[in-house]
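Inspection log for the structure reproduced underneath, given as structure tokens.
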Amino acid sequence: MPLLTDRLDPTALAAELDEKGFVCIENAIDPAWIDRAQGYVHGLVEQKGKRYFALNWLSRNRGTPPQELIGDPQMRRLLTRLAQIGCPKAKLDEEIYTGLRVVAGRTGDERSLLYHYDKHVITALAPILIPEGPKRRAGELIVFPNRRGYRRFALFNIVEKAITQSNWYRNRVTRKLAAGDPPNIKYLKPGNLYLFWGYRTYHANFPVASDMVRATMLLHYGDPHPGSLILKANTVRQNRDERRIAQEAP
Ligand SMILES: O=C(O)CCC(=O)C(=O)O
Ligand SMILES: [Fe+2]
């Protein structure tokens, strides 16, 4: 099992998430899994070239490292409890929504500093390959935790996202980011598992210098707006775009 700790207490973690907004569980993941996942990513980069791509619905690829992590019963228990505590009315689907996000080469620049709120209650992030620097060119995660609550109406959520995910708003946030090492810049380490309330946390990544590869596994769970057809259509469109990018010739 890739998750090493059986002492994770969802109630305590949820309280920490409410209070601090970002939680790191150190050495939560088996080093052997990290090795396998790194090999898996290198294989994909060889096939697809050094560029940006994201693969979704990884739980369907049996026997792969991403599927192992998603299939870990402890992981499901943890995400289920956190999603229930974070937003009791959220819908818990059969399948955990996942993404393997690889940023490499020049095309990664267009995918950086795209601040957003996730669609799901809880986001768990397992770093696989993290470049060591240079600072602000190594894909570091930037988080502004717990900036909003659950919106009762999906439409409000859509309008809010249209504003906060506009170029104008995003550029303003980037310009206002403090110099040096402010606490909202996170330096991630493979082996650790990171948690944040995805729906409530405004977040993005710095670009990745073009000769490096950065890879993260993202797990998202608990849908606060299960009835919204507009949001559903949007997800379908985004997944289609990601699939097209992932399938492009290297
Ligand atoms: O790769 C990361 O550090 C975060 C990516 C992210 O925010 C997402 O895929 O929703
Ligand atoms: Fe995200």
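FYI, nothing fancy with the structure tokens labels: chains A, B, ... in order, residues from 1 per chain, ligands from 1 as they appear.
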Using only C-alpha atoms and all ligand atoms, tabulate the residues of chain A lying at most 8 Å from any atom of ligand 1, each with its closest atom pair and that distance in Å to one decimal, by chain and increasing residue number, as a tab-separated table.
```
residue	atom	partner	partner_atom_place_in_ligand_line	distance
A:Gly99	CA	ligand 1	9 (O)	6.6
A:Arg101	CA	ligand 1	1 (O)	6.0
A:Val102	CA	ligand 1	1 (O)	7.9
A:His116	CA	ligand 1	7 (O)	7.4
A:Tyr117	CA	ligand 1	10 (O)	7.8
A:Asp118	CA	ligand 1	10 (O)	5.8
A:Thr123	CA	ligand 1	10 (O)	7.9
A:Leu125	CA	ligand 1	3 (O)	7.1
A:Pro127	CA	ligand 1	3 (O)	7.7
A:Gly139	CA	ligand 1	3 (O)	7.2
A:Glu140	CA	ligand 1	3 (O)	6.8
A:Leu141	CA	ligand 1	3 (O)	5.0
A:Gly198	CA	ligand 1	10 (O)	7.8
A:His203	CA	ligand 1	7 (O)	6.2
A:Ala204	CA	ligand 1	7 (O)	5.8
A:Asn205	CA	ligand 1	3 (O)	5.9
A:Ala215	CA	ligand 1	1 (O)	7.0
A:Thr216	CA	ligand 1	1 (O)	5.1
A:Met217	CA	ligand 1	1 (O)	7.2
A:Leu218	CA	ligand 1	9 (O)	6.1
```
Could you find all residues in region 1-235 of chain A that DSSP calls alpha helix (DSSP H) from the backbone, and write them as a PyMOL selection string? chain A and resi 10-20+31-48+65-71+73-86+154-164+167-176+229-235
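Residue nearest ligand 2 within the list A:Gln165, A:Gln247, A:Asn171, A:Ser228: A:Gln165 [criterion: smallest interatomic distance, only C-alpha atoms and all ligand atoms].
Those residues in region 41-136 of chain A carrying a DSSP assignment of strand (DSSP E), computed from the backbone, are Phe53, Ala54, Leu55, Asn56, Tyr97, Thr98, Gly99, Leu100, Arg101, Val102, Val103, Ala104, Ile122, Thr123, Ala124, Leu125, Ala126, Pro127, Ile128 and Leu129 of chain A.
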Gap from CA of Arg172 (chain A) to CA of Gly149 (chain A) - Å, one decimal: 21.9 Å
Have a look at A:Tyr150, A:Tyr169, A:Tyr194, A:Tyr115 and name the one nearest to ligand 2; count only C-alpha atoms and all ligand atoms.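 Nearest to ligand 2: A:Tyr115.
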Between A:Asn192, A:Thr164, A:Thr174, A:Thr11, which is the closest to Gln84 (chain A) once you count only C-alpha atoms? A:Thr11
Rounded to one decimal, what separation in Å do you get between CA of Leu129 (chain A) and CA of Trp33 (chain A)? 12.3 Å
Quick one: everything within 6 Å of Asp223 (chain A), counting only C-alpha atoms, minus sequence neighbours fewer than 3 positions away in the same chain. Send it as a PyMOL selection string. chain A and resi 90-91+120+226
Contact residues around Pro145 (chain A) with only C-alpha atoms at 10 Å, ignoring same-chain residues under 5 positions, as a list in words: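 Counting only C-alpha atoms, the residues come to Leu17, Asp18, Glu19, Lys20, Gly21, Phe22, Asn184, Phe196, Trp197, Gly198, Tyr199, Arg200, Thr201, Tyr202 and His203 of chain A.
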How about saving the chosen residues, C-alpha atoms kept, as a tab-separated table (two decimals), in the first residue's frame?
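Saved file result_24.tsv follows:
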```tsv
chain	number	residue	atom	x	y	z
A	17	LEU	CA	-7.21	22.53	7.61
A	18	ASP	CA	-9.80	24.97	8.93
A	19	GLU	CA	-7.24	26.68	11.08
A	20	LYS	CA	-4.08	26.69	8.96
A	21	GLY	CA	-5.47	25.96	5.51
A	22	PHE	CA	-2.58	23.75	4.40
A	184	ASN	CA	1.92	31.10	0.78
A	196	PHE	CA	-5.97	21.65	1.39
A	197	TRP	CA	-9.64	22.55	0.98
A	198	GLY	CA	-9.50	22.76	-2.83
A	199	TYR	CA	-12.88	24.46	-3.34
A	200	ARG	CA	-12.06	27.16	-0.81
A	201	THR	CA	-8.38	27.71	-1.61
A	202	TYR	CA	-7.19	30.06	-4.34
A	203	HIS	CA	-4.02	28.50	-5.77
```
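Nearest residue to ligand 2 among A:Leu8, A:Ile142, A:Leu188, A:Leu177 is A:Ile142, counting only C-alpha atoms and all ligand atoms.
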Within 12 Å of Leu78 (chain A), counting only C-alpha atoms, which residues show up once you throw out same-chain ones fewer than 6 positions away? Write them as a PDB file with all heavy atoms, in the first residue's frame, please.
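around11.pdb written:
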```pdb
ATOM      1  N   LEU A   3       0.249   4.328   0.912  1.00  0.00           N
ATOM      2  CA  LEU A   3       0.155   5.191   2.100  1.00  0.00           C
ATOM      3  C   LEU A   3       0.693   4.441   3.302  1.00  0.00           C
ATOM      4  O   LEU A   3       0.258   3.339   3.604  1.00  0.00           O
ATOM      5  CB  LEU A   3      -1.297   5.570   2.375  1.00  0.00           C
ATOM      6  CG  LEU A   3      -1.788   6.921   1.888  1.00  0.00           C
ATOM      7  CD1 LEU A   3      -3.115   7.258   2.533  1.00  0.00           C
ATOM      8  CD2 LEU A   3      -0.788   8.030   2.166  1.00  0.00           C
ATOM      9  N   THR A   5       1.004   5.585   6.616  1.00  0.00           N
ATOM     10  CA  THR A   5       0.560   5.834   7.974  1.00  0.00           C
ATOM     11  C   THR A   5      -0.880   5.371   8.169  1.00  0.00           C
ATOM     12  O   THR A   5      -1.741   5.616   7.328  1.00  0.00           O
ATOM     13  CB  THR A   5       0.712   7.320   8.339  1.00  0.00           C
ATOM     14  OG1 THR A   5       0.010   7.543   9.519  1.00  0.00           O
ATOM     15  CG2 THR A   5       0.223   8.229   7.238  1.00  0.00           C
ATOM     16  N   ASP A   6      -1.122   4.675   9.274  1.00  0.00           N
ATOM     17  CA  ASP A   6      -2.508   4.296   9.562  1.00  0.00           C
ATOM     18  C   ASP A   6      -3.026   5.089  10.761  1.00  0.00           C
ATOM     19  O   ASP A   6      -3.994   4.740  11.382  1.00  0.00           O
ATOM     20  CB  ASP A   6      -2.620   2.780   9.795  1.00  0.00           C
ATOM     21  CG  ASP A   6      -1.657   2.296  10.855  1.00  0.00           C
ATOM     22  OD1 ASP A   6      -0.986   3.159  11.473  1.00  0.00           O
ATOM     23  OD2 ASP A   6      -1.563   1.080  11.062  1.00  0.00           O
ATOM     24  N   ARG A   7      -2.311   6.168  11.044  1.00  0.00           N
ATOM     25  CA  ARG A   7      -2.738   6.954  12.207  1.00  0.00           C
ATOM     26  C   ARG A   7      -3.363   8.287  11.802  1.00  0.00           C
ATOM     27  O   ARG A   7      -3.393   9.222  12.576  1.00  0.00           O
ATOM     28  CB  ARG A   7      -1.536   7.225  13.110  1.00  0.00           C
ATOM     29  CG  ARG A   7      -0.977   5.986  13.766  1.00  0.00           C
ATOM     30  CD  ARG A   7       0.141   6.367  14.707  1.00  0.00           C
ATOM     31  NE  ARG A   7       1.117   7.220  14.033  1.00  0.00           N
ATOM     32  CZ  ARG A   7       2.142   6.749  13.322  1.00  0.00           C
ATOM     33  NH1 ARG A   7       2.340   5.473  13.195  1.00  0.00           N
ATOM     34  NH2 ARG A   7       2.990   7.586  12.741  1.00  0.00           N
ATOM     35  N   LEU A   8      -3.841   8.364  10.579  1.00  0.00           N
ATOM     36  CA  LEU A   8      -4.404   9.631  10.138  1.00  0.00           C
ATOM     37  C   LEU A   8      -5.786   9.819  10.761  1.00  0.00           C
ATOM     38  O   LEU A   8      -6.657   8.976  10.604  1.00  0.00           O
ATOM     39  CB  LEU A   8      -4.495   9.658   8.609  1.00  0.00           C
ATOM     40  CG  LEU A   8      -3.143   9.569   7.900  1.00  0.00           C
ATOM     41  CD1 LEU A   8      -3.340   9.486   6.401  1.00  0.00           C
ATOM     42  CD2 LEU A   8      -2.278  10.782   8.269  1.00  0.00           C
ATOM     43  N   ASP A   9      -5.956  10.930  11.457  1.00  0.00           N
ATOM     44  CA  ASP A   9      -7.227  11.201  12.119  1.00  0.00           C
ATOM     45  C   ASP A   9      -7.940  12.319  11.344  1.00  0.00           C
ATOM     46  O   ASP A   9      -7.571  13.486  11.460  1.00  0.00           O
ATOM     47  CB  ASP A   9      -6.944  11.621  13.570  1.00  0.00           C
ATOM     48  CG  ASP A   9      -8.191  12.098  14.279  1.00  0.00           C
ATOM     49  OD1 ASP A   9      -9.278  12.086  13.649  1.00  0.00           O
ATOM     50  OD2 ASP A   9      -8.086  12.501  15.448  1.00  0.00           O
ATOM     51  N   PRO A  10      -8.962  11.943  10.554  1.00  0.00           N
ATOM     52  CA  PRO A  10      -9.605  12.940   9.696  1.00  0.00           C
ATOM     53  C   PRO A  10     -10.162  14.136  10.470  1.00  0.00           C
ATOM     54  O   PRO A  10     -10.107  15.265   9.977  1.00  0.00           O
ATOM     55  CB  PRO A  10     -10.734  12.165   9.014  1.00  0.00           C
ATOM     56  CG  PRO A  10     -10.383  10.740   9.157  1.00  0.00           C
ATOM     57  CD  PRO A  10      -9.556  10.611  10.392  1.00  0.00           C
ATOM     58  N   THR A  11     -10.699  13.888  11.671  1.00  0.00           N
ATOM     59  CA  THR A  11     -11.287  14.997  12.421  1.00  0.00           C
ATOM     60  C   THR A  11     -10.221  16.023  12.801  1.00  0.00           C
ATOM     61  O   THR A  11     -10.419  17.232  12.650  1.00  0.00           O
ATOM     62  CB  THR A  11     -11.979  14.460  13.706  1.00  0.00           C
ATOM     63  OG1 THR A  11     -12.781  13.351  13.328  1.00  0.00           O
ATOM     64  CG2 THR A  11     -12.834  15.507  14.366  1.00  0.00           C
ATOM     65  N   ALA A  12      -9.077  15.514  13.273  1.00  0.00           N
ATOM     66  CA  ALA A  12      -7.987  16.421  13.641  1.00  0.00           C
ATOM     67  C   ALA A  12      -7.435  17.125  12.404  1.00  0.00           C
ATOM     68  O   ALA A  12      -7.137  18.325  12.427  1.00  0.00           O
ATOM     69  CB  ALA A  12      -6.879  15.647  14.352  1.00  0.00           C
ATOM     70  N   LEU A  13      -7.317  16.384  11.298  1.00  0.00           N
ATOM     71  CA  LEU A  13      -6.800  16.990  10.063  1.00  0.00           C
ATOM     72  C   LEU A  13      -7.748  18.075   9.553  1.00  0.00           C
ATOM     73  O   LEU A  13      -7.308  19.130   9.096  1.00  0.00           O
ATOM     74  CB  LEU A  13      -6.591  15.920   8.984  1.00  0.00           C
ATOM     75  CG  LEU A  13      -5.396  14.989   9.203  1.00  0.00           C
ATOM     76  CD1 LEU A  13      -5.443  13.815   8.230  1.00  0.00           C
ATOM     77  CD2 LEU A  13      -4.077  15.745   9.054  1.00  0.00           C
ATOM     78  N   ALA A  14      -9.059  17.810   9.648  1.00  0.00           N
ATOM     79  CA  ALA A  14     -10.039  18.807   9.188  1.00  0.00           C
ATOM     80  C   ALA A  14      -9.926  20.078  10.031  1.00  0.00           C
ATOM     81  O   ALA A  14      -9.986  21.196   9.498  1.00  0.00           O
ATOM     82  CB  ALA A  14     -11.447  18.236   9.263  1.00  0.00           C
ATOM     83  N   ILE A  70      -4.613   5.712  -5.691  1.00  0.00           N
ATOM     84  CA  ILE A  70      -6.053   5.995  -5.601  1.00  0.00           C
ATOM     85  C   ILE A  70      -6.785   4.801  -5.006  1.00  0.00           C
ATOM     86  O   ILE A  70      -7.762   4.947  -4.284  1.00  0.00           O
ATOM     87  CB  ILE A  70      -6.642   6.292  -7.002  1.00  0.00           C
ATOM     88  CG1 ILE A  70      -5.844   7.388  -7.696  1.00  0.00           C
ATOM     89  CG2 ILE A  70      -8.102   6.696  -6.903  1.00  0.00           C
ATOM     90  CD1 ILE A  70      -5.950   7.331  -9.197  1.00  0.00           C
ATOM     91  N   ASP A  72      -5.727   2.740  -2.801  1.00  0.00           N
ATOM     92  CA  ASP A  72      -5.383   2.465  -1.401  1.00  0.00           C
ATOM     93  C   ASP A  72      -6.611   2.745  -0.520  1.00  0.00           C
ATOM     94  O   ASP A  72      -7.116   3.866  -0.501  1.00  0.00           O
ATOM     95  CB  ASP A  72      -4.210   3.390  -1.006  1.00  0.00           C
ATOM     96  CG  ASP A  72      -3.635   3.019   0.340  1.00  0.00           C
ATOM     97  OD1 ASP A  72      -4.430   2.757   1.270  1.00  0.00           O
ATOM     98  OD2 ASP A  72      -2.405   3.005   0.471  1.00  0.00           O
ATOM     99  N   GLN A  84     -16.667  14.745   3.763  1.00  0.00           N
ATOM    100  CA  GLN A  84     -17.915  14.793   4.561  1.00  0.00           C
ATOM    101  C   GLN A  84     -17.854  15.888   5.617  1.00  0.00           C
ATOM    102  O   GLN A  84     -18.817  16.609   5.846  1.00  0.00           O
ATOM    103  CB  GLN A  84     -18.152  13.447   5.261  1.00  0.00           C
ATOM    104  CG  GLN A  84     -18.670  12.373   4.345  1.00  0.00           C
ATOM    105  CD  GLN A  84     -18.649  11.002   5.015  1.00  0.00           C
ATOM    106  OE1 GLN A  84     -17.850  10.746   5.917  1.00  0.00           O
ATOM    107  NE2 GLN A  84     -19.526  10.115   4.549  1.00  0.00           N
ATOM    108  N   ILE A  85     -16.694  16.002   6.272  1.00  0.00           N
ATOM    109  CA  ILE A  85     -16.573  17.010   7.326  1.00  0.00           C
ATOM    110  C   ILE A  85     -16.531  18.406   6.700  1.00  0.00           C
ATOM    111  O   ILE A  85     -17.169  19.340   7.177  1.00  0.00           O
ATOM    112  CB  ILE A  85     -15.301  16.772   8.181  1.00  0.00           C
ATOM    113  CG1 ILE A  85     -15.347  15.399   8.852  1.00  0.00           C
ATOM    114  CG2 ILE A  85     -15.138  17.866   9.232  1.00  0.00           C
ATOM    115  CD1 ILE A  85     -14.040  14.975   9.516  1.00  0.00           C
ATOM    116  N   GLY A  86     -15.788  18.539   5.596  1.00  0.00           N
ATOM    117  CA  GLY A  86     -15.616  19.858   4.975  1.00  0.00           C
ATOM    118  C   GLY A  86     -16.914  20.416   4.429  1.00  0.00           C
ATOM    119  O   GLY A  86     -17.187  21.605   4.552  1.00  0.00           O
ATOM    120  N   ILE A  96     -12.846   8.528  -7.456  1.00  0.00           N
ATOM    121  CA  ILE A  96     -12.150   9.732  -6.984  1.00  0.00           C
ATOM    122  C   ILE A  96     -11.585  10.437  -8.220  1.00  0.00           C
ATOM    123  O   ILE A  96     -10.994   9.803  -9.087  1.00  0.00           O
ATOM    124  CB  ILE A  96     -11.031   9.345  -6.002  1.00  0.00           C
ATOM    125  CG1 ILE A  96     -11.638   8.733  -4.731  1.00  0.00           C
ATOM    126  CG2 ILE A  96     -10.164  10.552  -5.644  1.00  0.00           C
ATOM    127  CD1 ILE A  96     -10.620   8.145  -3.772  1.00  0.00           C
ATOM    128  N   ILE A 122     -12.053  18.540  -1.130  1.00  0.00           N
ATOM    129  CA  ILE A 122     -10.703  18.284  -0.608  1.00  0.00           C
ATOM    130  C   ILE A 122      -9.746  17.967  -1.763  1.00  0.00           C
ATOM    131  O   ILE A 122     -10.108  17.263  -2.702  1.00  0.00           O
ATOM    132  CB  ILE A 122     -10.713  17.149   0.456  1.00  0.00           C
ATOM    133  CG1 ILE A 122      -9.321  16.929   1.053  1.00  0.00           C
ATOM    134  CG2 ILE A 122     -11.264  15.832  -0.096  1.00  0.00           C
ATOM    135  CD1 ILE A 122      -8.862  18.004   2.003  1.00  0.00           C
ATOM    136  N   THR A 123      -8.557  18.512  -1.668  1.00  0.00           N
ATOM    137  CA  THR A 123      -7.511  18.204  -2.638  1.00  0.00           C
ATOM    138  C   THR A 123      -6.346  17.583  -1.881  1.00  0.00           C
ATOM    139  O   THR A 123      -5.894  18.132  -0.872  1.00  0.00           O
ATOM    140  CB  THR A 123      -7.046  19.485  -3.362  1.00  0.00           C
ATOM    141  OG1 THR A 123      -8.151  20.022  -4.096  1.00  0.00           O
ATOM    142  CG2 THR A 123      -5.901  19.204  -4.331  1.00  0.00           C
ATOM    143  N   ALA A 124      -5.881  16.429  -2.372  1.00  0.00           N
ATOM    144  CA  ALA A 124      -4.671  15.806  -1.820  1.00  0.00           C
ATOM    145  C   ALA A 124      -3.631  15.806  -2.919  1.00  0.00           C
ATOM    146  O   ALA A 124      -3.944  15.497  -4.079  1.00  0.00           O
ATOM    147  CB  ALA A 124      -4.969  14.382  -1.364  1.00  0.00           C
ATOM    148  N   LEU A 193       2.599  14.013   1.823  1.00  0.00           N
ATOM    149  CA  LEU A 193       1.265  14.179   1.239  1.00  0.00           C
ATOM    150  C   LEU A 193       0.715  15.523   1.727  1.00  0.00           C
ATOM    151  O   LEU A 193       0.773  15.815   2.918  1.00  0.00           O
ATOM    152  CB  LEU A 193       0.351  13.029   1.679  1.00  0.00           C
ATOM    153  CG  LEU A 193      -1.054  13.040   1.081  1.00  0.00           C
ATOM    154  CD1 LEU A 193      -1.013  12.683  -0.413  1.00  0.00           C
ATOM    155  CD2 LEU A 193      -1.962  12.042   1.804  1.00  0.00           C
ATOM    156  N   LEU A 195      -2.428  18.404   1.910  1.00  0.00           N
ATOM    157  CA  LEU A 195      -3.884  18.528   1.866  1.00  0.00           C
ATOM    158  C   LEU A 195      -4.301  19.985   1.943  1.00  0.00           C
ATOM    159  O   LEU A 195      -3.681  20.772   2.660  1.00  0.00           O
ATOM    160  CB  LEU A 195      -4.510  17.806   3.068  1.00  0.00           C
ATOM    161  CG  LEU A 195      -4.254  16.308   3.240  1.00  0.00           C
ATOM    162  CD1 LEU A 195      -4.758  15.848   4.611  1.00  0.00           C
ATOM    163  CD2 LEU A 195      -4.941  15.520   2.134  1.00  0.00           C
ATOM    164  N   LEU A 219      -5.497  14.408  -6.169  1.00  0.00           N
ATOM    165  CA  LEU A 219      -6.736  13.675  -5.908  1.00  0.00           C
ATOM    166  C   LEU A 219      -7.762  14.669  -5.394  1.00  0.00           C
ATOM    167  O   LEU A 219      -7.454  15.439  -4.467  1.00  0.00           O
ATOM    168  CB  LEU A 219      -6.511  12.572  -4.870  1.00  0.00           C
ATOM    169  CG  LEU A 219      -5.600  11.421  -5.304  1.00  0.00           C
ATOM    170  CD1 LEU A 219      -4.152  11.725  -5.035  1.00  0.00           C
ATOM    171  CD2 LEU A 219      -5.986  10.140  -4.592  1.00  0.00           C
ATOM    172  N   HIS A 220      -8.917  14.680  -6.022  1.00  0.00           N
ATOM    173  CA  HIS A 220      -9.965  15.633  -5.657  1.00  0.00           C
ATOM    174  C   HIS A 220     -11.224  14.847  -5.293  1.00  0.00           C
ATOM    175  O   HIS A 220     -11.620  13.955  -6.035  1.00  0.00           O
ATOM    176  CB  HIS A 220     -10.302  16.546  -6.834  1.00  0.00           C
ATOM    177  CG  HIS A 220      -9.123  17.285  -7.427  1.00  0.00           C
ATOM    178  ND1 HIS A 220      -8.570  18.401  -6.841  1.00  0.00           N
ATOM    179  CD2 HIS A 220      -8.413  17.078  -8.557  1.00  0.00           C
ATOM    180  CE1 HIS A 220      -7.572  18.847  -7.592  1.00  0.00           C
ATOM    181  NE2 HIS A 220      -7.449  18.058  -8.635  1.00  0.00           N
ATOM    182  N   TYR A 221     -11.880  15.248  -4.185  1.00  0.00           N
ATOM    183  CA  TYR A 221     -13.064  14.467  -3.797  1.00  0.00           C
ATOM    184  C   TYR A 221     -14.134  15.315  -3.109  1.00  0.00           C
ATOM    185  O   TYR A 221     -13.811  16.227  -2.338  1.00  0.00           O
ATOM    186  CB  TYR A 221     -12.640  13.318  -2.884  1.00  0.00           C
ATOM    187  CG  TYR A 221     -13.608  12.160  -2.900  1.00  0.00           C
ATOM    188  CD1 TYR A 221     -14.114  11.676  -4.097  1.00  0.00           C
ATOM    189  CD2 TYR A 221     -14.022  11.562  -1.713  1.00  0.00           C
ATOM    190  CE1 TYR A 221     -15.004  10.620  -4.116  1.00  0.00           C
ATOM    191  CE2 TYR A 221     -14.907  10.495  -1.725  1.00  0.00           C
ATOM    192  CZ  TYR A 221     -15.398  10.029  -2.945  1.00  0.00           C
ATOM    193  OH  TYR A 221     -16.274   8.980  -2.964  1.00  0.00           O
ATOM    194  N   GLY A 222     -15.387  14.975  -3.391  1.00  0.00           N
ATOM    195  CA  GLY A 222     -16.548  15.648  -2.781  1.00  0.00           C
ATOM    196  C   GLY A 222     -17.023  16.787  -3.666  1.00  0.00           C
ATOM    197  O   GLY A 222     -16.364  17.803  -3.765  1.00  0.00           O
TER     198      GLY A 222
END
```
Contact residues around Ala138 (chain A) with only C-alpha atoms at 9 Å, ignoring same-chain residues under 6 positions, as a count of residues only: 11
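CA of Gly105 (chain A) to CA of Lys50 (chain A) spans 5.0 Å [interatomic distance, one decimal].
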Using only C-alpha atoms, pick whichever of A:Leu113, A:Leu79, A:Ala233, A:Val45 has the shortest atom-to-atom distance to Val173 (chain A). A:Leu113
Need the shell around Leu69 (chain A): protein/DNA/RNA residues with any atom at most 8 Å away, counting only C-alpha atoms. Skip same-chain ones fewer than 3 positions apart. Format as a list in words? Met1, Pro2, Leu3, Pro65, Pro66, Asp72 and Met75 of chain A
Resulting file, chosen residues, all heavy atoms, as a PDB file, in the first residue's frame:
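Here's the written file out-v5.pdb:
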```
ATOM      1  N   MET A   1       0.848  -1.199   0.000  1.00  0.00           N
ATOM      2  CA  MET A   1       0.000   0.000   0.000  1.00  0.00           C
ATOM      3  C   MET A   1       0.886   1.253   0.000  1.00  0.00           C
ATOM      4  O   MET A   1       1.767   1.380   0.849  1.00  0.00           O
ATOM      5  CB  MET A   1      -0.878   0.015   1.255  1.00  0.00           C
ATOM      6  CG  MET A   1      -1.931  -1.080   1.255  1.00  0.00           C
ATOM      7  SD  MET A   1      -3.178  -0.784   0.004  1.00  0.00           S
ATOM      8  CE  MET A   1      -3.554  -2.465  -0.433  1.00  0.00           C
ATOM      9  N   PRO A   2       0.656   2.166  -0.905  1.00  0.00           N
ATOM     10  CA  PRO A   2       1.510   3.365  -0.975  1.00  0.00           C
ATOM     11  C   PRO A   2       1.425   4.275   0.262  1.00  0.00           C
ATOM     12  O   PRO A   2       2.403   4.901   0.622  1.00  0.00           O
ATOM     13  CB  PRO A   2       0.992   4.106  -2.209  1.00  0.00           C
ATOM     14  CG  PRO A   2       0.157   3.140  -2.960  1.00  0.00           C
ATOM     15  CD  PRO A   2      -0.280   2.088  -2.024  1.00  0.00           C
ATOM     16  N   LEU A   3       0.249   4.328   0.912  1.00  0.00           N
ATOM     17  CA  LEU A   3       0.155   5.191   2.100  1.00  0.00           C
ATOM     18  C   LEU A   3       0.693   4.441   3.302  1.00  0.00           C
ATOM     19  O   LEU A   3       0.258   3.339   3.604  1.00  0.00           O
ATOM     20  CB  LEU A   3      -1.297   5.570   2.375  1.00  0.00           C
ATOM     21  CG  LEU A   3      -1.788   6.921   1.888  1.00  0.00           C
ATOM     22  CD1 LEU A   3      -3.115   7.258   2.533  1.00  0.00           C
ATOM     23  CD2 LEU A   3      -0.788   8.030   2.166  1.00  0.00           C
ATOM     24  N   PRO A  65       1.200   3.027 -11.031  1.00  0.00           N
ATOM     25  CA  PRO A  65       1.370   3.676  -9.727  1.00  0.00           C
ATOM     26  C   PRO A  65       0.226   4.627  -9.355  1.00  0.00           C
ATOM     27  O   PRO A  65      -0.237   4.588  -8.207  1.00  0.00           O
ATOM     28  CB  PRO A  65       2.707   4.414  -9.871  1.00  0.00           C
ATOM     29  CG  PRO A  65       3.451   3.652 -10.932  1.00  0.00           C
ATOM     30  CD  PRO A  65       2.410   3.157 -11.878  1.00  0.00           C
ATOM     31  N   PRO A  66      -0.286   5.451 -10.289  1.00  0.00           N
ATOM     32  CA  PRO A  66      -1.410   6.308  -9.886  1.00  0.00           C
ATOM     33  C   PRO A  66      -2.603   5.491  -9.393  1.00  0.00           C
ATOM     34  O   PRO A  66      -3.205   5.822  -8.365  1.00  0.00           O
ATOM     35  CB  PRO A  66      -1.768   7.063 -11.176  1.00  0.00           C
ATOM     36  CG  PRO A  66      -0.493   7.112 -11.939  1.00  0.00           C
ATOM     37  CD  PRO A  66       0.187   5.807 -11.648  1.00  0.00           C
ATOM     38  N   ASP A  72      -5.727   2.740  -2.801  1.00  0.00           N
ATOM     39  CA  ASP A  72      -5.383   2.465  -1.401  1.00  0.00           C
ATOM     40  C   ASP A  72      -6.611   2.745  -0.520  1.00  0.00           C
ATOM     41  O   ASP A  72      -7.116   3.866  -0.501  1.00  0.00           O
ATOM     42  CB  ASP A  72      -4.210   3.390  -1.006  1.00  0.00           C
ATOM     43  CG  ASP A  72      -3.635   3.019   0.340  1.00  0.00           C
ATOM     44  OD1 ASP A  72      -4.430   2.757   1.270  1.00  0.00           O
ATOM     45  OD2 ASP A  72      -2.405   3.005   0.471  1.00  0.00           O
ATOM     46  N   MET A  75      -6.534   5.782   1.656  1.00  0.00           N
ATOM     47  CA  MET A  75      -6.680   7.046   0.955  1.00  0.00           C
ATOM     48  C   MET A  75      -8.156   7.362   0.751  1.00  0.00           C
ATOM     49  O   MET A  75      -8.625   8.463   0.994  1.00  0.00           O
ATOM     50  CB  MET A  75      -5.945   6.970  -0.389  1.00  0.00           C
ATOM     51  CG  MET A  75      -6.001   8.236  -1.202  1.00  0.00           C
ATOM     52  SD  MET A  75      -5.181   9.621  -0.379  1.00  0.00           S
ATOM     53  CE  MET A  75      -3.579   9.535  -1.138  1.00  0.00           C
TER      54      MET A  75
END
```
